[in-house]
Amino acid sequence: MGGGIAVSVVLAGRPVRLIEGSPELVATAEERVRASLGRAAGRRDRADEVDALQELLTFSTDHDPTGVELVIEAVPEDAALKQKIFSELEAIYGAETIFASNTSSLSITEIASALEHQGRFIGMHFFNPVPASALVEIVVGANTSDATTRRVGELSELQGLTPIVVQDSPGFASSRLGLTLGLEAIRMVESGVASVEDIDAAMTLGYKHPIGPLKLTDLVGLDVRLAIAEHLASTLGKRFEPPQLMRDMVSAGKLGKKSGEGFYEW
């Protein structure tokens with residue numbers, strides 16, 4: 001997700017520094033992200049701009065706060081980890097720098113509680129793959145300032161994204177609605193209502209969804225969706241309780257596309 005976000009911002013003509021935790025991770029990220037940028041530019045008939053766009057990308061293990069308006073975090077869904085990172089970042093960047101988390105379900109208000117300047121903290125929930133996406137979900141915490149919300153909306157539009165603004169609530173809007181459909185689809189497979197392919201076809205052909213809920217679960221990752229479901233079940237109630245089939249697949253390492261097998265083989 002971090003690489004995809006970087007590519008999307010660069011395509012909007014903005015310079016980006018992508019930070020990783022070690023020189024080895026920096027090297028891996030640079031190879032992957034530069035290749036992704038080349039492909040994305042080609043798809044947009046901007047192949048002649050690739051060299052100039054590549055100049056906007058830098059990679060490092062170190063932060064340089066000079067002139068940075070927005071810092072976007074894209075680490076695993078662990079509230080304590082995110083709080084630790086943002087607390088460290090606040091000591092590096094000026095009070096005017098906006099901090100955003102790419103969390104898909106964790107409380108923005110809770111993460112922001114680790115900060116002294118909570119008004120500059122917001123959620124930016126991007127969708128995968130980011131360079132091909134049309135949407136970003138802007139999540140407003142209890143103490144997020146109106147100026148922060150407004151500016152992040154403007155920056156999102158510069159990326160060619162349509163921002164929707166939601167209040168900080170478990171699962172926000174997109175994860176909560178998308179997960180509801182995905183969990184019910186898994187329950188239908190579990191009880192033998194229909195095949196994986198036919199359930200997905202019901203939504204792609206019958207309701208014009210671009211992708212079926214089970215294939216989407218594979219793309220997101222069953223482990224990621226399981227974590228979101230457990231969080232929503234603990235905050236919103238048993239209707240979000242993960243099906244046993246989902247738990248069994250995650251335990252067996254069938255996580256979807258990233259493991260090579262989920263509801264589909266990849």
# chains A, B, ... in the order shown; residues from 1 in each chain; ligands from 1

call {"tool": "select_by_dssp", "arguments": {"residues": "stretch 19-229 of chain A", "states": "strand (DSSP E or B)", "output": "PyMOL selection string"}}
result
chain A and resi 19+57-60+70-73+98-101+121-126+135-140+162-167

call {"tool": "write_last_selection", "arguments": {"atoms": "C-alpha atoms", "output": "CSV table (one decimal), in the first residue's frame"}}
result
chain,number,residue,atom,x,y,z
A,19,ILE,CA,10.8,5.6,4.2
A,57,LEU,CA,10.9,9.7,-5.9
A,58,THR,CA,13.5,9.2,-3.2
A,59,PHE,CA,14.0,6.3,-0.9
A,60,SER,CA,15.6,6.3,2.6
A,70,LEU,CA,1.9,15.4,4.6
A,71,VAL,CA,3.2,12.2,6.1
A,72,ILE,CA,1.2,9.0,5.3
A,73,GLU,CA,1.7,5.9,7.4
A,98,ILE,CA,-0.3,16.8,8.6
A,99,PHE,CA,-0.1,13.1,9.7
A,100,ALA,CA,-2.4,10.5,8.1
A,101,SER,CA,-2.9,6.8,8.8
A,121,PHE,CA,-4.0,13.9,12.5
A,122,ILE,CA,-6.5,12.2,10.1
A,123,GLY,CA,-7.2,8.9,8.4
A,124,MET,CA,-6.6,8.4,4.7
A,125,HIS,CA,-8.0,4.9,3.8
A,126,PHE,CA,-6.7,4.1,0.3
A,135,LEU,CA,-11.6,6.7,-4.1
A,136,VAL,CA,-10.0,7.7,-0.8
A,137,GLU,CA,-11.9,7.6,2.5
A,138,ILE,CA,-11.0,10.5,4.7
A,139,VAL,CA,-11.6,9.7,8.3
A,140,VAL,CA,-12.1,12.6,10.8
A,162,THR,CA,-12.6,11.4,-5.1
A,163,PRO,CA,-12.5,11.9,-1.3
A,164,ILE,CA,-15.4,10.9,0.9
A,165,VAL,CA,-15.5,12.2,4.4
A,166,VAL,CA,-16.6,9.9,7.3
A,167,GLN,CA,-16.5,10.3,11.0

call {"tool": "residues_around", "arguments": {"residues": "A:Leu11", "least_positions_apart": "2", "cutoff": "9 Å", "atoms": "only C-alpha atoms", "output": "ChimeraX atom specification"}}
result
/A:6-9,13-14,37,40-41,53,131,159

call {"tool": "residues_around", "arguments": {"residues": "A:Leu56", "least_positions_apart": "6", "cutoff": "7 Å", "atoms": "only C-alpha atoms", "output": "list in words"}}
result
Val10, Arg14, Pro15 and Val16 of chain A

call {"tool": "atom_distance", "arguments": {"atom1": "atom CA of A:Arg187", "atom2": "atom CA of A:Lys257"}}
result
20.2 Å

call {"tool": "select_by_dssp", "arguments": {"residues": "stretch 41-242 of chain A", "states": "alpha helix (DSSP H)", "output": "MDAnalysis selection string"}}
result
chainID A and resid 41:43 50:54 79:90 108:112 146:158 174:190 196:206 213:220 222:236

call {"tool": "write_last_selection", "arguments": {"atoms": "C-alpha atoms", "output": "compact mmCIF listing (two decimals), in the first residue's frame"}}
result
# COMPACT_ATOMS: atom_id res chain seq x y z
CA ALA A 41 2.66 6.01 -16.39
CA GLY A 42 2.46 3.75 -19.43
CA ARG A 43 -1.18 2.91 -18.76
CA VAL A 50 8.63 8.52 -16.81
CA ASP A 51 12.15 9.89 -16.36
CA ALA A 52 10.85 13.18 -14.93
CA LEU A 53 8.42 11.36 -12.65
CA GLN A 54 11.15 9.04 -11.38
CA ALA A 79 -2.81 0.50 16.97
CA ALA A 80 0.11 0.41 19.44
CA LEU A 81 2.63 0.27 16.59
CA LYS A 82 0.96 3.19 14.82
CA GLN A 83 0.89 5.25 18.02
CA LYS A 84 4.59 4.57 18.59
CA ILE A 85 5.47 5.63 15.04
CA PHE A 86 3.45 8.84 15.12
CA SER A 87 4.82 9.78 18.52
CA GLU A 88 8.32 9.47 17.05
CA LEU A 89 7.33 11.41 13.94
CA GLU A 90 5.93 14.28 15.99
CA ILE A 108 -8.27 7.54 14.31
CA THR A 109 -9.07 9.18 17.63
CA GLU A 110 -7.31 6.40 19.54
CA ILE A 111 -4.18 6.56 17.39
CA ALA A 112 -4.12 10.36 17.66
CA ASP A 146 -11.40 21.48 9.87
CA ALA A 147 -8.28 22.89 8.19
CA THR A 148 -6.65 19.45 8.16
CA THR A 149 -9.76 17.84 6.71
CA ARG A 150 -10.07 20.49 4.03
CA ARG A 151 -6.39 20.34 3.01
CA VAL A 152 -6.29 16.55 2.83
CA GLY A 153 -9.38 16.65 0.62
CA GLU A 154 -7.59 19.09 -1.70
CA LEU A 155 -4.47 16.94 -1.85
CA SER A 156 -6.59 13.85 -2.58
CA GLU A 157 -8.25 15.60 -5.50
CA LEU A 158 -4.81 16.53 -6.87
CA SER A 174 -16.19 1.28 3.14
CA SER A 175 -14.63 -1.44 5.32
CA ARG A 176 -17.83 -1.89 7.29
CA LEU A 177 -20.03 -2.27 4.20
CA GLY A 178 -17.51 -4.27 2.18
CA LEU A 179 -16.77 -6.64 5.05
CA THR A 180 -20.47 -7.26 5.66
CA LEU A 181 -20.83 -8.54 2.10
CA GLY A 182 -17.62 -10.54 2.27
CA LEU A 183 -18.49 -12.28 5.53
CA GLU A 184 -21.93 -13.28 4.27
CA ALA A 185 -20.39 -14.64 1.06
CA ILE A 186 -18.02 -16.79 3.14
CA ARG A 187 -20.93 -18.06 5.24
CA MET A 188 -22.71 -19.04 2.02
CA VAL A 189 -19.68 -21.05 0.89
CA GLU A 190 -19.43 -22.58 4.36
CA VAL A 196 -17.27 -19.58 -4.91
CA GLU A 197 -17.43 -18.71 -8.60
CA ASP A 198 -21.22 -18.53 -8.69
CA ILE A 199 -21.44 -16.35 -5.58
CA ASP A 200 -18.99 -13.91 -7.11
CA ALA A 201 -20.83 -14.02 -10.44
CA ALA A 202 -24.07 -13.13 -8.65
CA MET A 203 -22.53 -9.82 -7.59
CA THR A 204 -20.48 -9.00 -10.70
CA LEU A 205 -23.18 -9.87 -13.21
CA GLY A 206 -26.31 -9.28 -11.16
CA PRO A 213 -16.73 -10.42 -2.65
CA LEU A 214 -14.71 -13.64 -2.42
CA LYS A 215 -12.12 -12.67 -5.01
CA LEU A 216 -11.87 -9.27 -3.31
CA THR A 217 -11.25 -11.05 0.00
CA ASP A 218 -8.39 -12.92 -1.67
CA LEU A 219 -6.92 -9.65 -2.93
CA VAL A 220 -7.20 -7.88 0.42
CA LEU A 222 -7.99 -13.25 4.48
CA ASP A 223 -5.76 -12.45 7.46
CA VAL A 224 -6.37 -8.72 7.02
CA ARG A 225 -10.12 -9.18 6.72
CA LEU A 226 -10.14 -11.54 9.70
CA ALA A 227 -8.44 -8.89 11.84
CA ILE A 228 -10.96 -6.27 10.72
CA ALA A 229 -13.88 -8.63 11.41
CA GLU A 230 -12.60 -9.40 14.90
CA HIS A 231 -12.23 -5.68 15.61
CA LEU A 232 -15.76 -4.91 14.39
CA ALA A 233 -17.21 -7.88 16.28
CA SER A 234 -15.66 -6.55 19.48
CA THR A 235 -16.98 -3.02 18.90
CA LEU A 236 -20.22 -3.40 16.93

call {"tool": "atom_distance", "arguments": {"atom1": "atom CA of A:Thr103", "atom2": "atom CA of A:Glu55"}}
result
28.4 Å

call {"tool": "atom_distance", "arguments": {"atom1": "atom CA of A:Leu106", "atom2": "atom CA of A:Ala173"}}
result
12.3 Å

call {"tool": "closest_residue", "arguments": {"among": "A:Glu77, A:Glu24, A:Ser107, A:Gly212", "to": "A:Ser169", "atoms": "only C-alpha atoms"}}
result
A:Ser107

call {"tool": "residues_around", "arguments": {"residues": "A:Gly256", "least_positions_apart": "2", "cutoff": "7 Å", "atoms": "only C-alpha atoms", "output": "PyMOL selection string"}}
result
chain A and resi 218-219+221-222+254+258-263

call {"tool": "closest_residue", "arguments": {"among": "A:Arg44, A:Arg39, A:His63, A:Ala114", "to": "A:Leu18", "atoms": "only C-alpha atoms"}}
result
A:His63
